[in-house]
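Dropping structure-v8.txt in here (compact mmCIF, C-alpha atoms and all ligand atoms):
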```txt
# COMPACT_ATOMS: atom_id res chain seq x y z
CA MET A 14 0.00 0.00 0.00
CA GLN A 15 1.11 3.51 -0.78
CA GLU A 16 2.32 5.27 2.35
CA LEU A 17 0.17 8.31 1.59
CA PRO A 18 -2.76 8.61 -0.83
CA GLU A 19 -2.62 10.69 -3.98
CA ASN A 20 -2.38 14.40 -3.27
CA ILE A 21 -1.52 13.98 0.39
CA ARG A 22 2.11 14.86 1.05
CA PHE A 23 4.43 14.51 4.01
CA ILE A 24 5.93 17.89 4.82
CA GLY A 25 7.34 17.10 8.28
CA VAL A 26 10.96 17.08 9.39
CA ASP A 27 13.24 14.56 11.10
CA ASP A 28 15.24 16.03 13.97
CA PRO A 29 18.07 13.51 14.50
CA THR A 30 20.16 15.83 16.67
CA LEU A 31 17.61 16.33 19.45
CA ASP A 32 18.97 14.65 22.60
CA LEU A 33 16.05 15.13 25.04
CA PHE A 34 12.41 15.22 23.97
CA GLU A 35 10.51 17.66 26.19
CA ASN A 36 13.88 18.21 27.86
CA GLN A 37 13.39 14.97 29.76
CA TYR A 38 13.20 11.87 27.57
CA PRO A 39 16.49 10.76 25.97
CA VAL A 40 16.04 10.18 22.23
CA SER A 41 19.24 8.69 20.89
CA GLU A 42 17.82 8.66 17.37
CA GLY A 43 16.10 12.02 17.65
CA VAL A 44 12.45 12.49 16.84
CA SER A 45 10.35 13.39 13.83
CA TYR A 46 7.85 16.22 13.72
CA ASN A 47 5.29 15.01 11.21
CA ALA A 48 3.02 17.28 9.20
CA TYR A 49 0.85 16.65 6.18
CA LEU A 50 -0.42 18.66 3.22
CA ILE A 51 -3.64 17.83 1.37
CA LEU A 52 -3.73 19.22 -2.17
CA ASP A 53 -7.36 19.20 -3.19
CA GLU A 54 -9.72 21.89 -4.51
CA LYS A 55 -8.77 23.46 -1.20
CA THR A 56 -5.32 23.12 0.29
CA LEU A 57 -4.96 22.08 3.91
CA VAL A 58 -2.05 21.39 6.24
CA LEU A 59 -2.26 19.29 9.38
CA ASP A 60 0.07 20.81 11.94
CA THR A 61 3.39 22.56 11.93
CA VAL A 62 6.61 21.47 13.66
CA ASP A 63 8.96 22.42 16.47
CA ALA A 64 10.68 25.79 16.07
CA ARG A 65 13.97 23.89 15.65
CA ALA A 66 12.70 22.57 12.33
CA ALA A 67 10.67 25.56 11.14
CA GLY A 68 12.97 26.47 8.22
CA ALA A 69 13.00 23.00 6.69
CA TYR A 70 9.26 22.65 7.25
CA LEU A 71 8.40 25.89 5.48
CA GLU A 72 10.64 24.89 2.58
CA ASN A 73 8.84 21.54 2.34
CA LEU A 74 5.47 23.28 2.42
CA HIS A 75 6.45 25.89 -0.14
CA GLU A 76 7.79 23.27 -2.54
CA ALA A 77 4.78 20.97 -2.15
CA LEU A 78 2.27 23.78 -2.69
CA GLN A 79 3.86 24.54 -6.09
CA GLY A 80 2.66 28.10 -6.11
CA ARG A 81 -0.78 27.46 -4.66
CA SER A 82 -1.99 29.35 -1.62
CA LEU A 83 -2.81 27.63 1.67
CA ASP A 84 -6.47 27.60 2.68
CA TYR A 85 -6.42 25.79 6.04
CA LEU A 86 -4.08 24.83 8.84
CA VAL A 87 -5.47 22.23 11.25
CA VAL A 88 -4.01 22.56 14.74
CA SER A 89 -4.42 19.04 16.09
CA HIS A 90 -2.36 19.75 19.19
CA VAL A 91 -0.95 23.00 20.57
CA GLU A 92 2.20 21.64 22.25
CA PRO A 93 5.18 23.58 20.89
CA ASP A 94 6.64 20.60 19.03
CA HIS A 95 3.67 21.05 16.69
CA THR A 96 3.04 24.79 16.73
CA GLY A 97 6.62 26.06 16.75
CA ALA A 98 6.36 27.12 13.11
CA LEU A 99 2.77 28.35 13.24
CA ARG A 100 3.54 32.03 13.48
CA LEU A 101 6.05 31.84 10.61
CA LEU A 102 3.52 29.92 8.52
CA LEU A 103 0.94 32.64 9.05
CA GLU A 104 3.47 35.28 8.07
CA ALA A 105 4.23 33.38 4.84
CA TYR A 106 0.56 32.50 4.14
CA PRO A 107 -1.48 35.20 5.93
CA GLN A 108 -4.80 34.21 4.37
CA THR A 109 -4.69 30.73 5.95
CA CYS A 110 -7.64 29.86 8.17
CA LEU A 111 -6.73 28.06 11.40
CA VAL A 112 -8.90 25.08 12.24
CA GLY A 113 -9.19 24.00 15.87
CA ASN A 114 -11.71 23.42 18.61
CA ALA A 115 -12.72 25.87 21.32
CA LYS A 116 -9.95 24.66 23.61
CA THR A 117 -7.34 24.84 20.85
CA PHE A 118 -7.52 28.58 20.48
CA LYS A 119 -7.66 29.17 24.21
CA VAL A 120 -4.50 27.16 24.84
CA LEU A 121 -2.82 28.56 21.73
CA GLU A 122 -3.14 32.11 23.05
CA ASN A 123 -0.72 31.15 25.83
CA PHE A 124 2.00 30.35 23.36
CA ILE A 125 1.46 32.56 20.32
CA SER A 126 0.16 36.07 19.87
CA MET A 127 -2.11 35.68 16.91
CA PRO A 128 -2.18 38.27 14.14
CA PRO A 129 -5.33 40.41 14.63
CA ALA A 130 -6.60 39.40 11.21
CA ALA A 131 -6.14 35.68 11.78
CA GLN A 132 -9.08 33.63 10.56
CA LEU A 133 -10.26 30.93 12.92
CA LEU A 134 -12.63 28.07 12.22
CA THR A 135 -13.87 26.39 15.40
CA VAL A 136 -14.94 22.78 15.01
CA LYS A 137 -16.43 20.25 17.39
CA GLU A 138 -16.86 16.49 17.58
CA GLY A 139 -18.04 15.07 14.25
CA ASP A 140 -17.81 18.30 12.25
CA THR A 141 -16.64 17.91 8.68
CA LEU A 142 -14.57 20.10 6.40
CA PRO A 143 -15.03 19.37 2.67
CA LEU A 144 -11.92 20.04 0.60
CA GLY A 145 -13.16 18.75 -2.81
CA ARG A 146 -12.43 15.10 -3.34
CA TYR A 147 -11.47 14.66 0.29
CA THR A 148 -13.35 15.58 3.47
CA LEU A 149 -11.95 15.72 6.98
CA THR A 150 -14.03 14.68 9.98
CA PHE A 151 -12.83 15.95 13.35
CA LEU A 152 -12.90 13.78 16.47
CA MET A 153 -11.94 15.10 19.86
CA ALA A 154 -9.18 13.22 21.71
CA PRO A 155 -8.75 15.13 24.97
CA MET A 156 -5.68 14.35 27.11
CA ILE A 157 -3.95 12.45 24.33
CA HIS A 158 -1.89 14.33 25.22
CA TRP A 159 -3.28 17.77 26.12
CA PRO A 160 -6.95 18.73 26.63
CA GLU A 161 -7.36 20.36 23.21
CA VAL A 162 -6.13 17.43 21.12
CA MET A 163 -8.25 16.31 18.19
CA VAL A 164 -7.70 13.80 15.42
CA SER A 165 -8.94 14.01 11.83
CA TYR A 166 -10.31 11.21 9.67
CA GLU A 167 -10.43 11.25 5.89
CA ALA A 168 -13.00 8.64 4.87
CA ALA A 169 -12.31 8.36 1.10
CA THR A 170 -8.76 7.17 1.80
CA GLY A 171 -9.28 5.68 5.28
CA THR A 172 -6.60 7.98 6.68
CA LEU A 173 -6.53 8.79 10.39
CA PHE A 174 -4.40 11.78 11.30
CA SER A 175 -3.91 10.68 14.88
CA ALA A 176 -2.02 13.59 16.53
CA ASP A 177 0.33 12.28 19.26
CA ALA A 178 -1.43 8.91 19.39
CA PHE A 179 0.49 6.06 17.71
CA GLY A 180 3.63 8.18 17.69
CA ARG A 181 7.11 6.95 18.45
CA PHE A 182 10.48 8.36 19.45
CA GLY A 183 13.20 8.21 16.81
CA SER A 184 13.32 9.46 13.26
CA ARG A 185 10.62 8.28 10.88
CA ASP A 186 12.63 5.34 9.56
CA ALA A 187 14.67 4.55 12.70
CA GLY A 188 14.73 0.77 12.97
CA ALA A 189 12.06 -1.72 12.11
CA ASP A 190 10.92 -2.44 15.68
CA TRP A 191 8.00 -0.09 16.29
CA ASP A 192 6.98 -1.54 19.66
CA GLU A 193 10.00 -0.70 21.77
CA GLU A 194 10.17 3.05 21.22
CA ALA A 195 6.40 3.38 20.69
CA ARG A 196 5.86 1.80 24.11
CA ARG A 197 8.37 4.12 25.81
CA TYR A 198 6.78 7.09 24.01
CA TYR A 199 3.27 5.96 25.02
CA CYS A 200 4.16 5.53 28.71
CA SER A 201 6.00 8.84 28.78
CA ILE A 202 3.44 10.92 26.91
CA VAL A 203 -0.02 9.50 27.56
CA GLY A 204 0.48 6.61 29.99
CA LYS A 205 -1.59 8.33 32.64
CA TYR A 206 -4.61 8.70 30.37
CA GLY A 207 -5.58 5.11 29.62
CA THR A 208 -9.30 5.84 29.86
CA GLN A 209 -9.06 8.62 27.31
CA VAL A 210 -7.02 6.44 24.96
CA GLN A 211 -9.69 3.75 25.22
CA GLY A 212 -12.22 6.42 24.28
CA LEU A 213 -10.28 7.19 21.11
CA LEU A 214 -9.92 3.48 20.29
CA LYS A 215 -13.70 3.14 20.61
CA LYS A 216 -14.18 5.92 18.08
CA ALA A 217 -11.53 4.38 15.82
CA ALA A 218 -13.33 1.02 15.90
CA SER A 219 -16.24 2.52 13.94
CA LEU A 220 -13.98 3.82 11.17
CA ASN A 221 -12.48 2.03 8.18
CA ILE A 222 -8.89 2.98 8.89
CA GLN A 223 -6.34 2.05 6.24
CA ARG A 224 -3.42 4.09 7.51
CA ILE A 225 -2.50 6.05 10.62
CA CYS A 226 -0.56 9.29 10.24
CA PRO A 227 0.78 10.31 13.66
CA LEU A 228 2.67 13.47 14.54
CA HIS A 229 5.83 11.50 15.40
CA GLY A 230 7.43 8.39 13.94
CA PRO A 231 6.46 6.29 10.95
CA ILE A 232 3.17 6.37 9.06
CA LEU A 233 1.45 3.08 9.86
CA THR A 234 0.02 1.10 6.92
CA GLY A 235 -0.88 -2.49 6.06
CA ASP A 236 -2.35 -4.62 8.83
CA LEU A 237 -3.00 -2.14 11.62
CA THR A 238 -4.17 -4.77 14.11
CA PRO A 239 -0.81 -5.15 15.91
CA TYR A 240 -0.61 -1.40 16.56
CA LEU A 241 -4.22 -1.20 17.74
CA ASP A 242 -3.68 -4.26 19.94
CA LYS A 243 -0.66 -2.65 21.59
CA TYR A 244 -2.70 0.48 22.30
CA ARG A 245 -5.48 -1.68 23.75
CA CYS A 246 -2.96 -3.34 26.09
CA TRP A 247 -1.21 -0.18 27.17
CA SER A 248 -4.38 1.82 27.71
CA THR A 249 -5.88 -0.92 29.88
CA TYR A 250 -2.60 -1.46 31.75
CA THR A 251 -2.48 -4.99 30.38
CA PRO A 252 1.03 -6.43 29.94
CA ASP A 253 1.97 -6.99 26.30
CA THR A 254 4.83 -9.48 26.87
CA GLU A 255 4.90 -12.68 28.91
CA GLY A 256 7.66 -12.67 31.48
CA VAL A 257 9.14 -10.79 34.42
CA ALA A 258 10.89 -7.44 34.68
CA ILE A 259 13.41 -7.04 37.51
CA LEU A 260 14.06 -3.38 38.25
CA CYS A 261 17.12 -2.89 40.37
CA ALA A 262 18.67 0.02 42.25
CA SER A 263 21.96 -1.22 43.69
CA LEU A 264 24.43 0.91 45.68
CA HIS A 265 27.47 -1.38 45.51
CA GLY A 266 26.42 -4.05 43.03
CA ASN A 267 25.37 -6.68 45.56
CA THR A 268 21.66 -6.15 45.01
CA PHE A 269 22.21 -6.22 41.25
CA ALA A 270 24.16 -9.49 41.53
CA ALA A 271 21.28 -10.99 43.53
CA ALA A 272 18.84 -9.69 40.92
CA GLY A 273 20.91 -11.46 38.27
CA ARG A 274 20.69 -14.67 40.27
CA LEU A 275 16.93 -14.24 40.52
CA ALA A 276 16.78 -13.80 36.73
CA GLU A 277 18.62 -17.13 36.34
CA LEU A 278 16.24 -18.83 38.77
CA LEU A 279 13.26 -17.51 36.82
CA ARG A 280 14.69 -18.66 33.50
CA ASP A 281 15.39 -22.08 35.01
CA ARG A 282 11.73 -22.22 35.96
CA GLY A 283 10.73 -21.64 32.33
CA CYS A 284 10.00 -17.92 32.39
CA PRO A 285 10.14 -16.99 28.69
CA GLU A 286 11.57 -13.50 29.14
CA VAL A 287 13.33 -11.82 32.04
CA ALA A 288 14.19 -8.14 31.60
CA LEU A 289 16.85 -7.14 34.12
CA VAL A 290 16.99 -3.36 34.39
CA ASP A 291 19.85 -1.58 36.16
CA LEU A 292 18.26 1.70 37.22
CA SER A 293 21.72 3.24 37.58
CA ARG A 294 22.35 2.81 33.86
CA THR A 295 18.88 2.93 32.34
CA ASP A 296 16.75 6.02 31.88
CA VAL A 297 13.64 5.97 34.02
CA SER A 298 11.44 6.26 30.90
CA LEU A 299 12.69 2.88 29.67
CA ALA A 300 12.38 1.36 33.15
CA LEU A 301 8.79 2.63 33.28
CA ALA A 302 8.12 1.13 29.85
CA ARG A 303 9.23 -2.26 31.21
CA THR A 304 6.66 -1.95 34.01
CA PHE A 305 3.97 -1.44 31.35
CA GLN A 306 5.37 -4.27 29.25
CA TYR A 307 5.42 -7.06 31.86
CA GLY A 308 2.72 -8.18 34.27
CA ARG A 309 5.11 -9.48 36.92
CA LEU A 310 7.70 -7.17 38.36
CA VAL A 311 10.45 -7.40 40.94
CA LEU A 312 11.61 -4.24 42.65
CA ALA A 313 15.08 -4.82 44.09
CA ALA A 314 16.76 -1.97 45.95
CA SER A 315 19.38 -1.00 48.48
CA THR A 316 18.41 0.81 51.63
CA CYS A 317 19.67 4.38 51.65
CA ASP A 318 19.34 7.11 54.29
CA GLY A 319 16.76 5.10 56.19
CA GLY A 320 14.65 4.75 53.04
CA VAL A 321 15.11 3.38 49.54
CA MET A 322 17.79 4.30 47.01
CA PRO A 323 16.53 7.42 45.21
CA LEU A 324 16.65 5.80 41.76
CA MET A 325 13.94 3.38 42.92
CA GLU A 326 11.96 6.20 44.52
CA ARG A 327 11.99 7.99 41.17
CA LEU A 328 10.72 4.94 39.30
CA LEU A 329 7.96 4.36 41.86
CA GLY A 330 6.96 8.01 41.47
CA ARG A 331 6.69 7.60 37.69
CA MET A 332 4.69 4.37 38.04
CA LYS A 333 2.19 6.14 40.28
CA ALA A 334 2.04 9.28 38.14
CA LYS A 335 1.33 7.19 35.05
CA ASN A 336 -1.43 5.27 36.81
CA LEU A 337 0.24 1.88 36.44
CA GLN A 338 -1.99 -0.80 37.92
CA ASN A 339 -2.82 -4.51 37.96
CA ARG A 340 0.69 -5.84 38.49
CA THR A 341 2.10 -8.67 40.60
CA VAL A 342 5.21 -7.46 42.39
CA GLY A 343 8.01 -9.16 44.29
CA LEU A 344 10.31 -7.19 46.59
CA VAL A 345 14.01 -7.58 47.32
CA GLU A 346 15.67 -5.22 49.74
CA ASN A 347 19.25 -4.91 50.88
CA GLY A 348 20.61 -3.28 54.04
CA SER A 349 23.52 -4.35 56.22
CA TRP A 350 22.28 -3.06 59.57
CA ALA A 351 18.76 -1.68 59.13
CA PRO A 352 17.10 -2.85 55.91
CA TRP A 353 14.23 -0.46 55.22
CA ALA A 354 13.83 -0.35 51.44
CA ALA A 355 11.03 -2.92 51.22
CA LYS A 356 8.85 -0.98 53.66
CA VAL A 357 9.15 2.15 51.51
CA MET A 358 8.53 0.25 48.25
CA ARG A 359 5.52 -1.54 49.78
CA GLN A 360 4.02 1.77 50.92
CA ALA A 361 4.47 3.26 47.45
CA LEU A 362 2.84 0.23 45.80
CA GLU A 363 -0.10 0.43 48.20
CA GLU A 364 -0.85 3.88 46.80
CA MET A 365 -1.30 2.40 43.30
CA LYS A 366 -4.32 0.47 42.02
CA ASN A 367 -4.51 -3.29 42.27
CA MET A 368 -0.86 -4.07 42.90
CA THR A 369 -0.44 -7.54 44.40
CA ILE A 370 2.71 -8.01 46.45
CA VAL A 371 3.89 -11.61 46.50
CA GLU A 372 5.70 -13.20 49.41
CA PRO A 373 8.32 -13.77 50.51
CA CYS A 374 9.87 -10.36 50.56
CA VAL A 375 13.60 -11.09 50.35
CA THR A 376 15.93 -9.27 52.73
CA LEU A 377 19.67 -9.26 52.01
CA HIS A 378 22.41 -7.91 54.24
CA GLY A 379 25.12 -7.31 51.65
CA PRO A 380 26.20 -9.94 49.11
CA LEU A 381 23.64 -12.74 48.67
CA SER A 382 24.53 -15.39 51.27
CA ASP A 383 23.87 -19.11 51.21
CA GLY A 384 21.40 -18.57 54.02
CA GLU A 385 19.46 -15.99 51.99
CA LEU A 386 19.33 -18.03 48.78
CA PRO A 387 16.27 -20.12 49.77
CA ALA A 388 14.19 -16.94 50.13
CA LEU A 389 15.25 -15.85 46.63
CA GLU A 390 14.33 -19.28 45.29
CA ALA A 391 10.96 -19.06 47.03
CA LEU A 392 10.35 -15.64 45.44
CA ALA A 393 11.21 -17.06 42.00
CA ALA A 394 8.73 -19.88 42.64
CA ALA A 395 6.04 -17.42 43.71
CA LEU A 396 6.53 -15.42 40.52
CA TRP A 397 6.85 -18.25 37.97
FE1 LIG B 1 4.08 15.73 20.14
FE2 LIG B 1 2.19 16.32 22.89
O1 LIG B 1 3.28 16.74 21.47
```

Translate the structure of the given file into structure tokens.
Amino acid sequence: MQELPENIRFIGVDDPTLDLFENQYPVSEGVSYNAYLILDEKTLVLDTVDARAAGAYLENLHEALQGRSLDYLVVSHVEPDHTGALRLLLEAYPQTCLVGNAKTFKVLENFISMPPAAQLLTVKEGDTLPLGRYTLTFLMAPMIHWPEVMVSYEAATGTLFSADAFGRFGSRDAGADWDEEARRYYCSIVGKYGTQVQGLLKKAASLNIQRICPLHGPILTGDLTPYLDKYRCWSTYTPDTEGVAILCASLHGNTFAAAGRLAELLRDRGCPEVALVDLSRTDVSLALARTFQYGRLVLAASTCDGGVMPLMERLLGRMKAKNLQNRTVGLVENGSWAPWAAKVMRQALEEMKNMTIVEPCVTLHGPLSDGELPALEALAAALW
């Protein structure tokens, strides 16, 4: 299948040099700011790009328009990675009418002072905008990822312009494995808003979608079921991979060595996948993604300052903030004279929804001793 239908052009920009998305998520392969131009009886653009990419974007737009004027700019999402070139676009094409919903223009005012003569078209759920051969239908998608977000569906081609939904970190063609960076992106960006994502999936189920055009990452074509299935899992906090994730914060390496031993015990018991995550060397966004990926988790941490090592505290904070729920969790703590980490981890888990803590909780007092091994074996048996 063609990536984009006739007369719909990609005018977005890859940004391979960006190191931190939103100044917080490491993106070793950068990110893409996607934008699309529909050349019909009317011309319409869906979204601009981050200010970093404004020059390249405007060049792409200018070239693709081939001398035509621009009738509409749809603002699917106001976050600056999609409106950073909006003001420049309006300067270059001042007659362009901005299309958004009531919230769009309210939020937009906070970021951009609009030219007094700017034309605004306010749309609501189900409104349509005929362009000639193509017609856009607007569907509200609040909190995916901001309250004003809306997606657009073009029925003649089965194209869903999905805003942030179904996006992915990395440039548009970075690697073939969509799941890994799409999962980390999902958890980071919209993980908290599972209910709202389910609402969008419900709307999507009534459409004949042939391709998904997100604002980041590749355009999705062909069999869309795997992508929709992943979104169903993530939005319902259902694990998408069978196995166990061991998330470890280790001050001197002893807790990590014990975590490695636990991974071996689990594999010996037939666990198909064990993801061992060293929180000292793994960004918290990837650690969080592992907690969404697997249904059974082990939190293993050193005691520190009468509490838990801060790296684990940070992960627990992200798990709670992103509404992670319905997990089975084993605990391993380490502390030579006053082990306290498990108490703190247990308390944090009790503040989340439907987290089942399995026994035994394993307490180490430095390197794993022969006397402590049976408890680790019992934890492995309780988990798999
Ligand atoms: Fe890609 Fe929420 O902005």

Shortest contact to Tyr244 in chain A, candidates A:Ala217, A:Ala395, A:Val112, A:Leu101, atoms counted all atoms listed in the file, goes to A:Ala217

Taking all atoms listed in the file into account, list the residues no farther than 12 Å from ligand LIG 1 (chain B), as a tab-separated table (two decimals) with C-alpha atoms, in the coordinates of the input.
```tsv
chain	number	residue	atom	x	y	z
A	34	PHE	CA	12.41	15.22	23.97
A	35	GLU	CA	10.51	17.66	26.19
A	44	VAL	CA	12.45	12.49	16.84
A	45	SER	CA	10.35	13.39	13.83
A	46	TYR	CA	7.85	16.22	13.72
A	47	ASN	CA	5.29	15.01	11.21
A	48	ALA	CA	3.02	17.28	9.20
A	60	ASP	CA	0.07	20.81	11.94
A	61	THR	CA	3.39	22.56	11.93
A	62	VAL	CA	6.61	21.47	13.66
A	63	ASP	CA	8.96	22.42	16.47
A	88	VAL	CA	-4.01	22.56	14.74
A	89	SER	CA	-4.42	19.04	16.09
A	90	HIS	CA	-2.36	19.75	19.19
A	91	VAL	CA	-0.95	23.00	20.57
A	92	GLU	CA	2.20	21.64	22.25
A	93	PRO	CA	5.18	23.58	20.89
A	94	ASP	CA	6.64	20.60	19.03
A	95	HIS	CA	3.67	21.05	16.69
A	96	THR	CA	3.04	24.79	16.73
A	97	GLY	CA	6.62	26.06	16.75
A	154	ALA	CA	-9.18	13.22	21.71
A	155	PRO	CA	-8.75	15.13	24.97
A	156	MET	CA	-5.68	14.35	27.11
A	157	ILE	CA	-3.95	12.45	24.33
A	158	HIS	CA	-1.89	14.33	25.22
A	159	TRP	CA	-3.28	17.77	26.12
A	160	PRO	CA	-6.95	18.73	26.63
A	161	GLU	CA	-7.36	20.36	23.21
A	162	VAL	CA	-6.13	17.43	21.12
A	163	MET	CA	-8.25	16.31	18.19
A	175	SER	CA	-3.91	10.68	14.88
A	176	ALA	CA	-2.02	13.59	16.53
A	177	ASP	CA	0.33	12.28	19.26
A	178	ALA	CA	-1.43	8.91	19.39
A	179	PHE	CA	0.49	6.06	17.71
A	180	GLY	CA	3.63	8.18	17.69
A	181	ARG	CA	7.11	6.95	18.45
A	182	PHE	CA	10.48	8.36	19.45
A	198	TYR	CA	6.78	7.09	24.01
A	199	TYR	CA	3.27	5.96	25.02
A	201	SER	CA	6.00	8.84	28.78
A	202	ILE	CA	3.44	10.92	26.91
A	203	VAL	CA	-0.02	9.50	27.56
A	227	PRO	CA	0.78	10.31	13.66
A	228	LEU	CA	2.67	13.47	14.54
A	229	HIS	CA	5.83	11.50	15.40
A	230	GLY	CA	7.43	8.39	13.94
```

Within 8 Å of range 223-225 of chain A, counting only C-alpha atoms, which residues qualify if same-chain residues fewer than 5 places away don't, as a list in words? Glu16, Thr170, Gly171, Thr172, Leu173, Phe174, Ser175, Phe179, Ile232, Leu233, Thr234, Gly235 and Leu237 of chain A

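Note that CA of Ala218 in chain A and CA of Asn339 in chain A are 25.1 Å apart.
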
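Minimum atom-to-atom distance to Tyr70 in chain A, evaluated using all atoms listed in the file, belongs to A:Val26 out of A:Leu134, A:Leu362, A:Ala168, A:Val26.
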
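Closest approach to Lys335 in chain A from the set A:Leu213, A:Leu279, A:Leu78, A:Cys200 is made by A:Cys200, with distances taken over all atoms listed in the file.
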
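When only C-alpha atoms are used to compute distances to Asp190 in chain A, the closest of the residues A:Leu50, A:Pro231, A:Thr150, A:Cys374 turns out to be A:Pro231.
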
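Distances to Thr295 in chain A were evaluated for A:Ala67, A:Ile51, A:Pro39, A:Arg81 using all atoms listed in the file, and the minimum falls at A:Pro39.
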
With all atoms listed in the file as the counted atoms, please give the residues lying no more than 10 Å from Met325 in chain A, apart from itself and same-chain residues fewer than 4 positions off, as a VMD selection string. chain A and resid 260 to 263 292 to 293 297 312 to 315 321 329 to 331 354 357 to 358

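Among A:Thr109, A:Thr369, A:Thr56, A:Ser41, the residue with the shortest atom-to-atom distance to Pro29 in chain A, counting all atoms listed in the file, is A:Ser41.
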